[in-house]
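Participant: First, the structure itself, so that you have it in front of you.
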Amino acid sequence: MVARRSILAVLLFAVTAATLVITAPRAAADDNSAIDNYGGCLVAQHKGDLMLLIDDSKSLQTSDPDDARISAAKYLINQLGQFSSRAKVDLDVQVAGFSTGYHPAGGWDRLDGSGGSKINSTIDGFAERENGYQTDYWSGLDGARSALAAKSKGTDRCQAVVWFSDGNLDLDLRGESDPSDEATTKPYAPDADLTTAGGVQQAERAATRDLCRTGGIADQLRRSEIALFAIGLESADAKAPDFSTMKSIATGSDDCGKISKPTPGLFTLASNIDDLLFAFDKIMDPGREPTEQQTGICQGKVCTEFRHNFVLDDSISTVHILGSAPAGLDVYLVPPKGDPQRFRPSTVGKERKITKAATGSIEWLSDKTMSIDLKRSKSWAGQWAVVFVDPKSKTPDAKSRTSIHISGDIYPALINKDKTTFRSGETIKNVRLGLVDGEQQPIDPGKLLGAVSMDASLRSGDKTVDLGQNLSADRLSKPFTVDLRKLDPGRATLQLRLAVTTAGTTDSRGKKIAGTELAPQQANIPVTISPPLGYPQLGQVADFGSIEGPADATATVQVTGPGCVWLPAADPKIEAGPEGLGATGITADADQAGNCVKVADGKTDQLELQLTTAQGGNGTLDGTVAVKVAPENEPAKARTVQLPFTADLNKPLDTFNFLLALLVALILGPGIPLGLLYLAKYLTAKIPPRALLGQRIDVTVSGAQVLRDGQPVAFRSGDLTDMVRLPVGGARQADAGGFGLATKIGRSPFGPGFVVVDAPGMIGASSTNPEPYGDQRAARLPLAVHNTWALLHNPAGAADQATLLILLGTDASEDQQRRQEYLDDINARAPELLHRLRGNAGQAPSQPDPFAGAGAASGQQPADPFGLDLPAANTGGFDFGGAGQDQAPEQPRRSPEPVEGQESPPQDSGAEQGHGPSTSSGPSDQEDLTFDFSFDPPEDERGPRS
């Protein structure tokens, strides 16, 4: 049994032998916890995303042999489900792992009904996912950042990452790494060779630096307002890891990052299942931290001195209690009236009536820790208590602890938000603050049984307008006047913080008992401060979307009249982003008052912005750009609006080696060994590591229609949830929708590689190549397989039956219009592709050559670095802006002139007459040869690594 190490050393005050009640203190606005801020966002906006980022390194076999992280994560998901239901929040959850790289385990699922069950099932799968060979913080957090950026797409969504690890940042020698990871460098350390010890140390230093530098990964998460809740699991059976880097990334301590306010995150240390449960418990009710208590154990019977007390009134609807004490004790719930109710481990999960006023159930989460859920049936006002009792009286010095969530259906709100316009330079009257329930129905503060108090402030950048502190119920019933003369136009946050104390009561002897002060409930309400009357109003953010390589992208910003808008020539203010981008600019055709975007009163138009960078990078580029706004025909009265902008940058695979080799070959001629060119081409032939979803759909082609179960092919609920695992450095092989994807380089030393779909017994074509490839007559795709599709057909089966392999990037999968365009492309082109495949069905696909080299055993064809075939023609496949860009169109070429004494090479029969140009090939055109540049040591030489 792992020795217990109290998490309270980090989170709570010192413990005394007597009962100690700890309530959440009132905090200054800048000192609100990250949990408060995240919950405040969810309560105000009712929509958000949560990423569970779980370490899946091999060291977990030692540090967490009982899979405590699985139980604790499922506890969090179940409790968050209750919160989202109570607060009417649409919370989407994704689970991902990290070790060598970032590995999503599924798509985004709504935390309700079947969604919660699906998420828990995904978490269960991590019991077997503990074979990674590194603990690469950078790759894990950058993957989470990218996935959350794709999910939000510039909209206001409340986002957070729950980040779990059992070790410090740790990379390994390439020879000791996971054999599926062929990368010998990292994107944050391209010059560090991971096959040497010095290179590994250099890469670790580079990762730590890029995480914590000004504008690095930590700042990018904070600038995107992504809360980071980090949990470090240390094992008493192993050398304690150094979590200082993890803590500093989460909290901003030790000068990690420039952005430190509002509080960016939380770090919690845990050493066992019980500590983990309490760590996750702090997050389960975002925006309202629990009341935490620690005291002793009653010996033999229920006593009064070691009670965990709390007072309820009828404004409270539910109570959740997490309690822990030595194993084997009885737990009693003491109501205000009636006998104490005893819970033993045999009562797990059974709902029972506690009194006429409440029902409750208990679940034992470990042999020491249990949770109790209570629901009000009738009036339950009075003092309650939880008491731990040792029936054998053998634990006089032991301690018990509880974390108590008391939840009322009461939330602070801006009551007349839809009727309130905040304008810079003006004094706004009739602003109404107040309380609402979960259905957003107003509550009269004067009718609450206990006491209420609210703090209110409006924050814009580094400026704050205080609306009042300790506002009483009586004050909340009256309108407010807000002075905006010192605030500039732009985005702002109305921060409301509500404190509730339940109504007091008396004990059985008539002694007065004060009510319980609940942890403050926060609401962070986004508002727009418009320019003064007569000035045009801008949209909230310029979102340039996801960009691969050096940026050259546009974003449009809505402009509502009346007035004139332009962007003067000036450098943008960059607050977070990748290093090495070089010259970065944002420009517009409307760059002066004379050619501004003019919009009439009540009309809308768009200001188009162009973002360019000299180089590519990996990360979120965030900042502001100074836009000028002026009244119609009055440019001299122009004001400056700091417009936020964002872009998700993805650096393409490094093609330097290939380009260098090509340049040398062109300069020095054929004397350079072709092997250098093939090697360069091989090194760049990888599927890019952008988030990718794979889906298999069986279809029937009837005439010109593509049907799924008799209906026009369409996506269904449950589709597009399986992520394709792509390491951070790209992949040569991957599984998608039950089929294999394998990269090949072809026979020419020039041009890019490509991807084939491994589907034994089937022939295929794709949205980018209508003809099957090679002996296996496989579907052929570009390296950038994102937003393409393949049609696979069994030539021995029914003539109208086929299988679609859908390969969608996550950005396109969540855009309804783009999904429909994708389906329209399938409907328009799949019938013709199937007709072609049937014409090619004269020969059954040959079996894989057992001597073909690496990949043959799995049915995946290895790369073939020799020969003369060029990439097949791109016939105009469906393109979402990047799909197929790795593949150059094939050019018609002459057959080689016959050499005396040799036969003329046969023509390639792969192309049907009348369907594109035929190509000539050498006699070995259907053979595959393999380069294997990796070294994988024996398993016993690797050993468990973090």
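As shown in the structure tokens, the chain order sets the letters A, B, ...; within each chain, residues go from 1, and ligands are also counted from 1 in the order they appear.
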Any chance you could list, as a ChimeraX atom specification, the residues in segment 425-483 of chain A that come up strand (DSSP E) when DSSP is run on the backbone?

Facilitator: /A:427-431,433-436,442-443,451-460,463-471,480-483

Participant: Based on DSSP run over this structure's backbone, return all residues of segment 641-793 of chain A in alpha helix (DSSP H), as a PyMOL selection string.

Facilitator: chain A and resi 656-668+674-684

Participant: Set the distance at 8 Å and use only C-alpha atoms: which residues neighbour Tyr332 of chain A once local chain neighbours fewer than 3 positions away are removed? I'd like the list as a PyMOL selection string.

Facilitator: chain A and resi 302+340-343+386-389

Participant: Write a file of the selected residues as a PDB file, in the first residue's frame, keeping C-alpha atoms.

Facilitator:
```pdb
ATOM      1  CA  VAL A 302     -21.035   9.263  17.633  1.00  0.00           C
ATOM      2  CA  PRO A 340     -27.971   9.650  12.939  1.00  0.00           C
ATOM      3  CA  GLN A 341     -27.888   7.529   9.771  1.00  0.00           C
ATOM      4  CA  ARG A 342     -25.043   5.025   9.554  1.00  0.00           C
ATOM      5  CA  PHE A 343     -23.320   4.200   6.257  1.00  0.00           C
ATOM      6  CA  VAL A 386     -20.847  14.073   9.047  1.00  0.00           C
ATOM      7  CA  VAL A 387     -19.118  12.000  11.737  1.00  0.00           C
ATOM      8  CA  PHE A 388     -16.512   9.233  11.371  1.00  0.00           C
ATOM      9  CA  VAL A 389     -16.663   6.558  14.090  1.00  0.00           C
TER      10      VAL A 389
END
```

Participant: Using only C-alpha atoms, find the one residue out of A:Arg129, A:Lys153, A:Arg780, A:Lys186 that sits nearest to Thr646 of chain A.

Facilitator: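 Closest to Thr646 of chain A of all the choices is A:Lys153.
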
Participant: Cys564 of chain A: which residues within 9 Å, counting only C-alpha atoms, same-chain residues fewer than 2 positions away excluded, as a list in words?

Facilitator: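 Counting only C-alpha atoms, the residues come to Tyr535, Pro536, Val559, Gly561, Pro562, Trp566, Ala593, Cys596, Val597, Lys598, Val599, Ala600, Lys628, Val629, Ala630, Pro631, Glu632, Asn633, Glu634, Pro635 and Ala638 of chain A.
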
Participant: With distances taken over only C-alpha atoms, which residue among A:Gly216, A:Gly125, A:Gly461, A:Gly140 lies nearest Gly619 of chain A?

Facilitator: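 Closest to Gly619 of chain A of all the choices is A:Gly216.
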